[in-house]
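Asker: Structure: target_24.pdb, PDB, C-alpha atoms.
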```pdb
MODEL        1
ATOM      1  CA  GLU A   1     140.511  87.176  56.939  1.00  0.00           C
ATOM      2  CA  LYS A   2     142.524  85.405  59.667  1.00  0.00           C
ATOM      3  CA  VAL A   3     143.700  82.706  57.253  1.00  0.00           C
ATOM      4  CA  GLN A   4     146.891  81.080  58.454  1.00  0.00           C
ATOM      5  CA  ALA A   5     149.721  81.245  55.941  1.00  0.00           C
ATOM      6  CA  MET A   6     153.184  79.697  55.832  1.00  0.00           C
ATOM      7  CA  PRO A   7     155.195  81.792  53.355  1.00  0.00           C
ATOM      8  CA  VAL A   8     158.113  80.198  51.493  1.00  0.00           C
ATOM      9  CA  ALA A   9     160.826  82.611  50.352  1.00  0.00           C
ATOM     10  CA  ALA A  10     161.788  82.569  46.668  1.00  0.00           C
ATOM     11  CA  ALA A  11     164.224  84.581  44.570  1.00  0.00           C
ATOM     12  CA  HIS A  12     161.633  85.756  42.019  1.00  0.00           C
ATOM     13  CA  GLU A  13     158.508  87.771  42.727  1.00  0.00           C
ATOM     14  CA  THR A  14     155.087  86.144  42.632  1.00  0.00           C
ATOM     15  CA  ARG A  15     153.476  86.733  39.250  1.00  0.00           C
ATOM     16  CA  GLN A  16     150.613  89.200  38.809  1.00  0.00           C
ATOM     17  CA  ASN A  17     147.854  88.563  36.278  1.00  0.00           C
ATOM     18  CA  GLU A  18     145.638  91.187  34.652  1.00  0.00           C
ATOM     19  CA  ILE A  19     141.980  90.906  33.697  1.00  0.00           C
ATOM     20  CA  VAL A  20     140.346  93.577  31.540  1.00  0.00           C
ATOM     21  CA  ILE A  21     136.545  93.833  31.401  1.00  0.00           C
ATOM     22  CA  GLU A  22     134.952  95.503  28.383  1.00  0.00           C
ATOM     23  CA  LYS A  23     131.942  97.278  29.870  1.00  0.00           C
ATOM     24  CA  SER A  24     129.966  97.577  26.627  1.00  0.00           C
ATOM     25  CA  THR A  25     129.910  93.799  26.058  1.00  0.00           C
ATOM     26  CA  GLY A  26     130.784  92.296  29.448  1.00  0.00           C
ATOM     27  CA  LYS A  27     133.614  90.329  27.837  1.00  0.00           C
ATOM     28  CA  GLU A  28     136.681  89.496  29.904  1.00  0.00           C
ATOM     29  CA  PHE A  29     140.225  89.496  28.569  1.00  0.00           C
ATOM     30  CA  ARG A  30     142.541  87.471  30.774  1.00  0.00           C
ATOM     31  CA  LEU A  31     146.262  88.165  30.588  1.00  0.00           C
ATOM     32  CA  GLY A  32     147.909  85.265  32.419  1.00  0.00           C
ATOM     33  CA  MET A  33     151.599  85.731  33.075  1.00  0.00           C
ATOM     34  CA  PRO A  34     154.027  82.773  33.129  1.00  0.00           C
ATOM     35  CA  CYS A  35     154.928  81.396  36.530  1.00  0.00           C
ATOM     36  CA  PRO A  36     158.300  82.381  37.980  1.00  0.00           C
ATOM     37  CA  ARG A  37     160.900  79.633  38.004  1.00  0.00           C
ATOM     38  CA  LEU A  38     161.757  77.948  41.278  1.00  0.00           C
ATOM     39  CA  THR A  39     165.144  76.485  42.112  1.00  0.00           C
ATOM     40  CA  PRO A  40     165.366  72.874  43.358  1.00  0.00           C
ATOM     41  CA  ALA A  41     166.010  74.254  46.846  1.00  0.00           C
ATOM     42  CA  GLU A  42     162.861  76.424  46.667  1.00  0.00           C
ATOM     43  CA  TRP A  43     160.783  73.453  45.503  1.00  0.00           C
ATOM     44  CA  GLN A  44     162.118  71.414  48.410  1.00  0.00           C
ATOM     45  CA  ALA A  45     161.309  74.230  50.830  1.00  0.00           C
ATOM     46  CA  CYS A  46     157.685  74.172  49.606  1.00  0.00           C
ATOM     47  CA  LEU A  47     157.451  70.410  50.093  1.00  0.00           C
ATOM     48  CA  ASP A  48     159.142  70.614  53.507  1.00  0.00           C
ATOM     49  CA  THR A  49     156.616  73.262  54.591  1.00  0.00           C
ATOM     50  CA  LEU A  50     153.745  71.039  53.484  1.00  0.00           C
ATOM     51  CA  ASN A  51     155.272  68.108  55.360  1.00  0.00           C
ATOM     52  CA  LYS A  52     155.326  70.130  58.583  1.00  0.00           C
ATOM     53  CA  LEU A  53     151.545  70.558  58.587  1.00  0.00           C
ATOM     54  CA  GLU A  54     149.750  68.241  60.974  1.00  0.00           C
ATOM     55  CA  ASP A  55     146.166  67.022  61.218  1.00  0.00           C
ATOM     56  CA  ILE A  56     145.135  68.008  57.692  1.00  0.00           C
ATOM     57  CA  ARG A  57     142.304  66.360  55.786  1.00  0.00           C
ATOM     58  CA  TYR A  58     142.739  67.938  52.349  1.00  0.00           C
ATOM     59  CA  ILE A  59     145.691  68.997  50.208  1.00  0.00           C
ATOM     60  CA  ILE A  60     144.699  71.270  47.320  1.00  0.00           C
ATOM     61  CA  ILE A  61     146.990  71.958  44.366  1.00  0.00           C
ATOM     62  CA  SER A  62     145.631  75.149  42.841  1.00  0.00           C
ATOM     63  CA  GLY A  63     146.712  77.545  40.131  1.00  0.00           C
ATOM     64  CA  SER A  64     149.435  77.297  37.511  1.00  0.00           C
ATOM     65  CA  LEU A  65     152.628  75.367  38.082  1.00  0.00           C
ATOM     66  CA  PRO A  66     156.034  76.418  36.705  1.00  0.00           C
ATOM     67  CA  ALA A  67     157.134  74.581  33.585  1.00  0.00           C
ATOM     68  CA  ASP A  68     160.344  73.462  35.313  1.00  0.00           C
ATOM     69  CA  ARG A  69     158.586  71.660  38.159  1.00  0.00           C
ATOM     70  CA  PRO A  70     160.180  68.430  39.402  1.00  0.00           C
ATOM     71  CA  PRO A  71     159.278  65.501  37.099  1.00  0.00           C
ATOM     72  CA  GLN A  72     157.934  63.412  40.002  1.00  0.00           C
ATOM     73  CA  LEU A  73     156.021  66.246  41.692  1.00  0.00           C
ATOM     74  CA  TRP A  74     152.592  64.572  41.505  1.00  0.00           C
ATOM     75  CA  GLN A  75     153.978  61.349  42.965  1.00  0.00           C
ATOM     76  CA  VAL A  76     155.695  63.214  45.818  1.00  0.00           C
ATOM     77  CA  LEU A  77     152.515  65.132  46.671  1.00  0.00           C
ATOM     78  CA  ALA A  78     150.481  61.915  46.525  1.00  0.00           C
ATOM     79  CA  ARG A  79     152.922  60.245  48.948  1.00  0.00           C
ATOM     80  CA  ILE A  80     152.611  63.179  51.353  1.00  0.00           C
ATOM     81  CA  ALA A  81     148.813  63.006  51.140  1.00  0.00           C
ATOM     82  CA  ARG A  82     148.803  59.251  51.824  1.00  0.00           C
ATOM     83  CA  ALA A  83     151.187  59.643  54.770  1.00  0.00           C
ATOM     84  CA  LYS A  84     148.931  62.303  56.290  1.00  0.00           C
ATOM     85  CA  LYS A  85     145.716  60.437  55.362  1.00  0.00           C
ATOM     86  CA  ALA A  86     144.643  63.564  53.492  1.00  0.00           C
ATOM     87  CA  ARG A  87     142.543  63.714  50.318  1.00  0.00           C
ATOM     88  CA  LEU A  88     144.368  65.162  47.309  1.00  0.00           C
ATOM     89  CA  ILE A  89     142.476  67.699  45.158  1.00  0.00           C
ATOM     90  CA  ILE A  90     143.811  69.248  41.951  1.00  0.00           C
ATOM     91  CA  ASP A  91     142.648  72.550  40.446  1.00  0.00           C
ATOM     92  CA  SER A  92     145.493  73.041  37.994  1.00  0.00           C
ATOM     93  CA  LYS A  93     146.128  72.471  34.294  1.00  0.00           C
ATOM     94  CA  ILE A  94     147.285  68.900  33.702  1.00  0.00           C
ATOM     95  CA  ASN A  95     149.007  68.142  30.392  1.00  0.00           C
ATOM     96  CA  ALA A  96     149.914  64.517  31.110  1.00  0.00           C
ATOM     97  CA  PRO A  97     147.026  62.753  32.875  1.00  0.00           C
ATOM     98  CA  GLN A  98     148.858  59.427  32.833  1.00  0.00           C
ATOM     99  CA  ALA A  99     151.159  60.889  35.495  1.00  0.00           C
ATOM    100  CA  LEU A 100     148.205  60.807  37.908  1.00  0.00           C
ATOM    101  CA  ALA A 101     147.218  57.184  37.301  1.00  0.00           C
ATOM    102  CA  GLY A 102     147.215  55.188  40.521  1.00  0.00           C
ATOM    103  CA  LEU A 103     147.991  58.180  42.752  1.00  0.00           C
ATOM    104  CA  GLU A 104     144.576  58.061  44.470  1.00  0.00           C
ATOM    105  CA  VAL A 105     143.618  61.641  43.570  1.00  0.00           C
ATOM    106  CA  PHE A 106     140.276  62.334  45.257  1.00  0.00           C
ATOM    107  CA  LEU A 107     138.987  65.099  42.999  1.00  0.00           C
ATOM    108  CA  ILE A 108     139.931  67.198  39.967  1.00  0.00           C
ATOM    109  CA  LYS A 109     138.094  70.482  39.299  1.00  0.00           C
ATOM    110  CA  PRO A 110     138.616  71.431  35.644  1.00  0.00           C
ATOM    111  CA  ASN A 111     136.667  73.789  33.436  1.00  0.00           C
ATOM    112  CA  LEU A 112     135.587  72.610  29.973  1.00  0.00           C
ATOM    113  CA  HIS A 113     138.857  73.671  28.336  1.00  0.00           C
ATOM    114  CA  GLU A 114     141.006  72.040  31.020  1.00  0.00           C
ATOM    115  CA  LEU A 115     138.988  68.828  30.778  1.00  0.00           C
ATOM    116  CA  ALA A 116     139.532  68.835  26.999  1.00  0.00           C
ATOM    117  CA  VAL A 117     143.298  69.219  27.527  1.00  0.00           C
ATOM    118  CA  LEU A 118     143.211  66.430  30.098  1.00  0.00           C
ATOM    119  CA  ALA A 119     141.428  64.167  27.604  1.00  0.00           C
ATOM    120  CA  GLY A 120     143.733  65.097  24.726  1.00  0.00           C
ATOM    121  CA  GLU A 121     140.912  66.804  22.814  1.00  0.00           C
ATOM    122  CA  GLU A 122     140.994  70.176  21.069  1.00  0.00           C
ATOM    123  CA  HIS A 123     137.412  71.079  21.987  1.00  0.00           C
ATOM    124  CA  LEU A 124     134.820  69.527  24.247  1.00  0.00           C
ATOM    125  CA  LEU A 125     131.055  69.965  23.985  1.00  0.00           C
ATOM    126  CA  PRO A 126     129.047  69.961  27.246  1.00  0.00           C
ATOM    127  CA  GLY A 127     127.238  66.799  26.164  1.00  0.00           C
ATOM    128  CA  ALA A 128     130.498  64.835  26.161  1.00  0.00           C
ATOM    129  CA  VAL A 129     131.601  65.872  29.653  1.00  0.00           C
ATOM    130  CA  ALA A 130     130.253  62.884  31.598  1.00  0.00           C
ATOM    131  CA  ALA A 131     131.619  60.247  29.204  1.00  0.00           C
ATOM    132  CA  ILE A 132     135.090  61.848  29.111  1.00  0.00           C
ATOM    133  CA  ALA A 133     135.251  62.298  32.892  1.00  0.00           C
ATOM    134  CA  GLN A 134     134.129  58.727  33.589  1.00  0.00           C
ATOM    135  CA  LYS A 135     136.679  57.413  31.099  1.00  0.00           C
ATOM    136  CA  LEU A 136     139.392  59.249  33.067  1.00  0.00           C
ATOM    137  CA  ILE A 137     137.971  57.939  36.354  1.00  0.00           C
ATOM    138  CA  HIS A 138     138.078  54.347  35.107  1.00  0.00           C
ATOM    139  CA  ALA A 139     141.685  54.963  33.992  1.00  0.00           C
ATOM    140  CA  GLY A 140     142.562  55.743  37.621  1.00  0.00           C
ATOM    141  CA  ILE A 141     143.217  59.458  37.097  1.00  0.00           C
ATOM    142  CA  ALA A 142     140.871  60.567  39.918  1.00  0.00           C
ATOM    143  CA  GLU A 143     137.874  59.378  41.919  1.00  0.00           C
ATOM    144  CA  THR A 144     135.700  62.413  41.208  1.00  0.00           C
ATOM    145  CA  PHE A 145     135.402  65.289  38.740  1.00  0.00           C
ATOM    146  CA  LEU A 146     133.655  68.569  39.471  1.00  0.00           C
ATOM    147  CA  VAL A 147     133.602  70.301  36.088  1.00  0.00           C
ATOM    148  CA  SER A 148     132.904  74.038  36.262  1.00  0.00           C
ATOM    149  CA  MET A 149     130.840  75.276  33.315  1.00  0.00           C
ATOM    150  CA  GLY A 150     130.433  78.997  33.956  1.00  0.00           C
ATOM    151  CA  ALA A 151     126.834  80.222  33.854  1.00  0.00           C
ATOM    152  CA  ALA A 152     125.708  76.635  33.170  1.00  0.00           C
ATOM    153  CA  GLY A 153     126.811  75.640  36.678  1.00  0.00           C
ATOM    154  CA  ALA A 154     128.836  72.478  37.177  1.00  0.00           C
ATOM    155  CA  ARG A 155     128.820  68.739  36.611  1.00  0.00           C
ATOM    156  CA  LEU A 156     129.638  66.347  39.463  1.00  0.00           C
ATOM    157  CA  ILE A 157     130.827  63.014  38.083  1.00  0.00           C
ATOM    158  CA  THR A 158     131.934  59.836  39.852  1.00  0.00           C
ATOM    159  CA  SER A 159     132.301  56.275  38.605  1.00  0.00           C
ATOM    160  CA  THR A 160     128.616  55.647  39.303  1.00  0.00           C
ATOM    161  CA  ALA A 161     126.916  59.057  39.212  1.00  0.00           C
ATOM    162  CA  ASP A 162     126.521  62.097  36.977  1.00  0.00           C
ATOM    163  CA  GLN A 163     124.776  65.154  38.411  1.00  0.00           C
ATOM    164  CA  GLN A 164     124.157  68.486  36.681  1.00  0.00           C
ATOM    165  CA  ILE A 165     124.108  71.401  39.147  1.00  0.00           C
ATOM    166  CA  ASP A 166     122.535  74.529  37.688  1.00  0.00           C
ATOM    167  CA  ALA A 167     123.773  77.943  38.748  1.00  0.00           C
ATOM    168  CA  PRO A 168     121.266  80.606  39.801  1.00  0.00           C
ATOM    169  CA  SER A 169     120.792  83.456  37.355  1.00  0.00           C
ATOM    170  CA  VAL A 170     122.506  86.614  38.634  1.00  0.00           C
ATOM    171  CA  ASP A 171     123.666  90.000  37.401  1.00  0.00           C
ATOM    172  CA  LYS A 172     127.288  89.037  36.773  1.00  0.00           C
ATOM    173  CA  LYS A 173     129.939  91.701  37.377  1.00  0.00           C
ATOM    174  CA  SER A 174     133.096  89.585  36.968  1.00  0.00           C
ATOM    175  CA  THR A 175     134.166  85.951  37.063  1.00  0.00           C
ATOM    176  CA  VAL A 176     137.450  86.693  38.842  1.00  0.00           C
ATOM    177  CA  GLY A 177     137.888  84.215  41.683  1.00  0.00           C
ATOM    178  CA  ALA A 178     134.693  82.287  40.868  1.00  0.00           C
ATOM    179  CA  GLY A 179     136.471  78.968  40.374  1.00  0.00           C
ATOM    180  CA  ASP A 180     138.547  79.427  43.516  1.00  0.00           C
ATOM    181  CA  SER A 181     135.444  80.343  45.528  1.00  0.00           C
ATOM    182  CA  MET A 182     133.694  77.289  44.136  1.00  0.00           C
ATOM    183  CA  LEU A 183     136.482  74.996  45.312  1.00  0.00           C
ATOM    184  CA  ALA A 184     136.650  76.730  48.707  1.00  0.00           C
ATOM    185  CA  GLY A 185     132.911  76.168  49.192  1.00  0.00           C
ATOM    186  CA  LEU A 186     133.267  72.502  48.286  1.00  0.00           C
ATOM    187  CA  ILE A 187     136.085  71.945  50.787  1.00  0.00           C
ATOM    188  CA  HIS A 188     134.272  73.919  53.495  1.00  0.00           C
ATOM    189  CA  TYR A 189     131.213  71.670  53.264  1.00  0.00           C
ATOM    190  CA  LEU A 190     133.193  68.443  52.925  1.00  0.00           C
ATOM    191  CA  HIS A 191     135.266  69.404  55.960  1.00  0.00           C
ATOM    192  CA  ALA A 192     132.022  69.917  57.882  1.00  0.00           C
ATOM    193  CA  GLY A 193     131.027  66.347  57.052  1.00  0.00           C
ATOM    194  CA  ARG A 194     128.384  67.148  54.440  1.00  0.00           C
ATOM    195  CA  PRO A 195     127.719  64.666  51.578  1.00  0.00           C
ATOM    196  CA  LEU A 196     129.599  65.213  48.305  1.00  0.00           C
ATOM    197  CA  ALA A 197     126.473  66.103  46.294  1.00  0.00           C
ATOM    198  CA  GLU A 198     125.397  68.709  48.854  1.00  0.00           C
ATOM    199  CA  ALA A 199     128.943  70.122  48.985  1.00  0.00           C
ATOM    200  CA  ALA A 200     128.942  70.436  45.192  1.00  0.00           C
ATOM    201  CA  ARG A 201     125.688  72.423  45.263  1.00  0.00           C
ATOM    202  CA  TYR A 202     127.134  74.756  47.904  1.00  0.00           C
ATOM    203  CA  ALA A 203     130.264  75.066  45.742  1.00  0.00           C
ATOM    204  CA  VAL A 204     128.221  76.288  42.782  1.00  0.00           C
ATOM    205  CA  ALA A 205     126.466  78.793  45.070  1.00  0.00           C
ATOM    206  CA  CYS A 206     129.845  80.133  46.242  1.00  0.00           C
ATOM    207  CA  GLY A 207     131.186  80.359  42.691  1.00  0.00           C
ATOM    208  CA  THR A 208     128.061  82.221  41.588  1.00  0.00           C
ATOM    209  CA  ALA A 209     128.245  84.591  44.566  1.00  0.00           C
ATOM    210  CA  ALA A 210     131.775  85.554  43.546  1.00  0.00           C
ATOM    211  CA  THR A 211     130.458  86.902  40.219  1.00  0.00           C
ATOM    212  CA  LEU A 212     128.230  89.476  41.965  1.00  0.00           C
ATOM    213  CA  PHE A 213     131.179  91.800  42.611  1.00  0.00           C
ATOM    214  CA  PRO A 214     133.801  93.344  40.307  1.00  0.00           C
ATOM    215  CA  GLY A 215     137.421  92.272  40.367  1.00  0.00           C
ATOM    216  CA  THR A 216     138.678  90.707  43.562  1.00  0.00           C
ATOM    217  CA  HIS A 217     135.969  92.219  45.806  1.00  0.00           C
ATOM    218  CA  LEU A 218     134.580  88.893  46.976  1.00  0.00           C
TER     219      LEU A 218
ENDMDL
END
```
Written as structure tokens, how would this file's structure read?
Answerer:
Amino acid sequence: EKVQAMPVAAAHETRQNEIVIEKSTGKEFRLGMPCPRLTPAEWQACLDTLNKLEDIRYIIISGSLPADRPPQLWQVLARIARAKKARLIIDSKINAPQALAGLEVFLIKPNLHELAVLAGEEHLLPGAVAAIAQKLIHAGIAETFLVSMGAAGARLITSTADQQIDAPSVDKKSTVGAGDSMLAGLIHYLHAGRPLAEAARYAVACGTAATLFPGTHL
């Protein structure tokens, strides 16, 4: 794919998750393994590698983070983003949203469950998404939320706007990588200078396209 990578060596192997699809029902069973632990030196090596990157416009924190991450990790990443004049985007489970207050996070991309966790709620109905997201925006947690809602598409929410983006109806094979593809599409369009609303629509198209193929065959 000719994607540049800057590997950081670590003592433990990268985790491997398993997803089982029941063909008779189409249900997915996701077996998410815990993240390997990183030593303080390995954490620092990751941050040093990020610091070496020049001329970047977006920093994306994606996937699960180890439980033993540095307590000030969000603040450190926010400082790096400010120093590089890069927009900070988070696509990761956040248990303590107050840690993000005032860090100038550009966008958070949760699903319904992750948004509920972020808001301190056990469950979240789709009708409550906009109010919860705007409450978090006004609390300084992030400027924008792009909430992925599976087959229902996504919701783009800012302090002044709330837009429902419907997903096209397709013959779904698997949802593996759909959220990642959605975020990649968003960044691709934003990087090309397209408006946020247009980028969000393209993001939903990319996420939907990822469901047309089984497993990781994007």
Asker: Step by step, work through what the PyMOL selection byres ((chain A and resi 115) around 12) selects in the shown file, and finish by giving those residues as a PyMOL selection string.
Answerer: chain A and resi 91-97+108-114+116-126+128-136+145-149+155
Asker: Between range 65-171 of chain A and range 37-42 of chain A, at 12 Å or less, what are the per-residue closest atom pairs and their distances in Å? Count only C-alpha atoms, order by chain and rising residue number, and return it as a tab-separated table.
Answerer:
```
residue	atom	partner	partner_atom	distance
A:Leu65	CA	A:Arg37	CA	9.3
A:Pro66	CA	A:Arg37	CA	6.0
A:Ala67	CA	A:Arg37	CA	7.7
A:Asp68	CA	A:Arg37	CA	6.8
A:Arg69	CA	A:Leu38	CA	7.7
A:Pro70	CA	A:Pro40	CA	7.9
A:Pro71	CA	A:Pro40	CA	11.4
A:Leu73	CA	A:Pro40	CA	11.6
```
Asker: Given only C-alpha atoms as the basis, pick out the residue of A:Ala154, A:Ala45, A:Lys172, A:Gly215 nearest to Ala9 in chain A.
Answerer: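 The answer is A:Ala45, which sits nearest to Ala9 in chain A.
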Asker: Under the rule that only C-alpha atoms are counted, which of A:Leu50, A:Ser62, A:Tyr202, A:Leu107 is the nearest residue to Arg79 in chain A?
Answerer: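 Nearest candidate to Arg79 in chain A out of A:Leu50, A:Ser62, A:Tyr202, A:Leu107: A:Leu50.
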Asker: For the file shown, report as a compact mmCIF listing (two decimals) with C-alpha atoms, keeping the file's coordinate frame the outcome of the PyMOL selection byres ((chain A and resi 214) around 12) at residue level.
Answerer:
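The resulting file, part-v2.txt, is shown below:
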```txt
# COMPACT_ATOMS: atom_id res chain seq x y z
CA ILE A 19 141.98 90.91 33.70
CA VAL A 20 140.35 93.58 31.54
CA ILE A 21 136.54 93.83 31.40
CA LYS A 23 131.94 97.28 29.87
CA GLY A 26 130.78 92.30 29.45
CA GLU A 28 136.68 89.50 29.90
CA ASP A 171 123.67 90.00 37.40
CA LYS A 172 127.29 89.04 36.77
CA LYS A 173 129.94 91.70 37.38
CA SER A 174 133.10 89.58 36.97
CA THR A 175 134.17 85.95 37.06
CA VAL A 176 137.45 86.69 38.84
CA GLY A 177 137.89 84.22 41.68
CA ALA A 178 134.69 82.29 40.87
CA ALA A 209 128.24 84.59 44.57
CA ALA A 210 131.78 85.55 43.55
CA THR A 211 130.46 86.90 40.22
CA LEU A 212 128.23 89.48 41.96
CA PHE A 213 131.18 91.80 42.61
CA GLY A 215 137.42 92.27 40.37
CA THR A 216 138.68 90.71 43.56
CA HIS A 217 135.97 92.22 45.81
CA LEU A 218 134.58 88.89 46.98
```
Asker: Quick one: residues within 9 Å of Glu104 in chain A, all atoms listed in the file, excluding same-chain residues fewer than 3 positions away - as a ChimeraX atom specification?
Answerer: /A:78,82,87-88,100-101,140-143
Asker: If I take CA of Ile60 in chain A and CA of Ile89 in chain A, how far is one from the other in Å, to one decimal?
Answerer: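 It comes out at 4.7 Å.
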Asker: Enter the distance from CA of Leu77 in chain A to CA of Phe106 in chain A, in Å, rounded to one decimal.
Answerer: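 Interatomic distance here is 12.6 Å.
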Asker: Between CA of Ala86 in chain A and CA of Ala139 in chain A, what distance in Å does the model show, to one decimal?
Answerer: 21.5 Å
Asker: Can you tell me, as a ChimeraX atom specification, what residues are no more than 6 Å from Met182 in chain A when counting only C-alpha atoms, ignoring any on the same chain fewer than 3 positions away?
Answerer: /A:179,185,203-204,206-207
Asker: Would you mind exporting the chosen residues as a CSV table (one decimal), keeping the file's coordinate frame, restricted to C-alpha atoms?
Answerer:
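Result file follows (result.csv):
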```
chain,number,residue,atom,x,y,z
A,179,GLY,CA,136.5,79.0,40.4
A,185,GLY,CA,132.9,76.2,49.2
A,203,ALA,CA,130.3,75.1,45.7
A,204,VAL,CA,128.2,76.3,42.8
A,206,CYS,CA,129.8,80.1,46.2
A,207,GLY,CA,131.2,80.4,42.7
```
Asker: Choose the residue, out of A:Ala199, A:Ala152, A:Leu53, A:Leu186, that has the smallest atom-to-atom separation from Ala83 in chain A; count all atoms listed in the file.
Answerer: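 Ranking A:Ala199, A:Ala152, A:Leu53, A:Leu186 by distance to Ala83 in chain A, first place goes to A:Leu53.
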Asker: Complete range 50-61 of chain A at the level of N, CA and C atoms, written as a short mmCIF file (atom, residue, chain, number, x, y, z; two decimals), in the frame of the given file.
Answerer:
```cif
data_model
loop_
_atom_site.label_atom_id
_atom_site.label_comp_id
_atom_site.auth_asym_id
_atom_site.auth_seq_id
_atom_site.Cartn_x
_atom_site.Cartn_y
_atom_site.Cartn_z
N LEU A 50 154.95 71.87 53.52
CA LEU A 50 153.74 71.04 53.48
C LEU A 50 153.87 69.86 54.44
N ASN A 51 155.04 69.26 54.48
CA ASN A 51 155.27 68.11 55.36
C ASN A 51 155.13 68.46 56.83
N LYS A 52 155.39 69.70 57.18
CA LYS A 52 155.33 70.13 58.58
C LYS A 52 153.89 70.25 59.10
N LEU A 53 152.94 70.38 58.18
CA LEU A 53 151.54 70.56 58.59
C LEU A 53 151.01 69.27 59.19
N GLU A 54 150.30 69.41 60.29
CA GLU A 54 149.75 68.24 60.97
C GLU A 54 148.23 68.30 60.98
N ASP A 55 147.62 67.15 61.08
CA ASP A 55 146.17 67.02 61.22
C ASP A 55 145.44 67.75 60.08
N ILE A 56 145.80 67.41 58.85
CA ILE A 56 145.14 68.01 57.69
C ILE A 56 144.34 66.93 56.97
N ARG A 57 143.19 67.33 56.45
CA ARG A 57 142.30 66.36 55.79
C ARG A 57 142.29 66.53 54.28
N TYR A 58 142.73 67.69 53.79
CA TYR A 58 142.74 67.94 52.35
C TYR A 58 144.02 68.65 51.96
N ILE A 59 144.58 68.27 50.82
CA ILE A 59 145.69 69.00 50.21
C ILE A 59 145.20 69.43 48.83
N ILE A 60 145.21 70.73 48.58
CA ILE A 60 144.70 71.27 47.32
C ILE A 60 145.85 71.87 46.52
N ILE A 61 146.01 71.39 45.29
CA ILE A 61 146.99 71.96 44.37
C ILE A 61 146.21 72.88 43.44
#
```
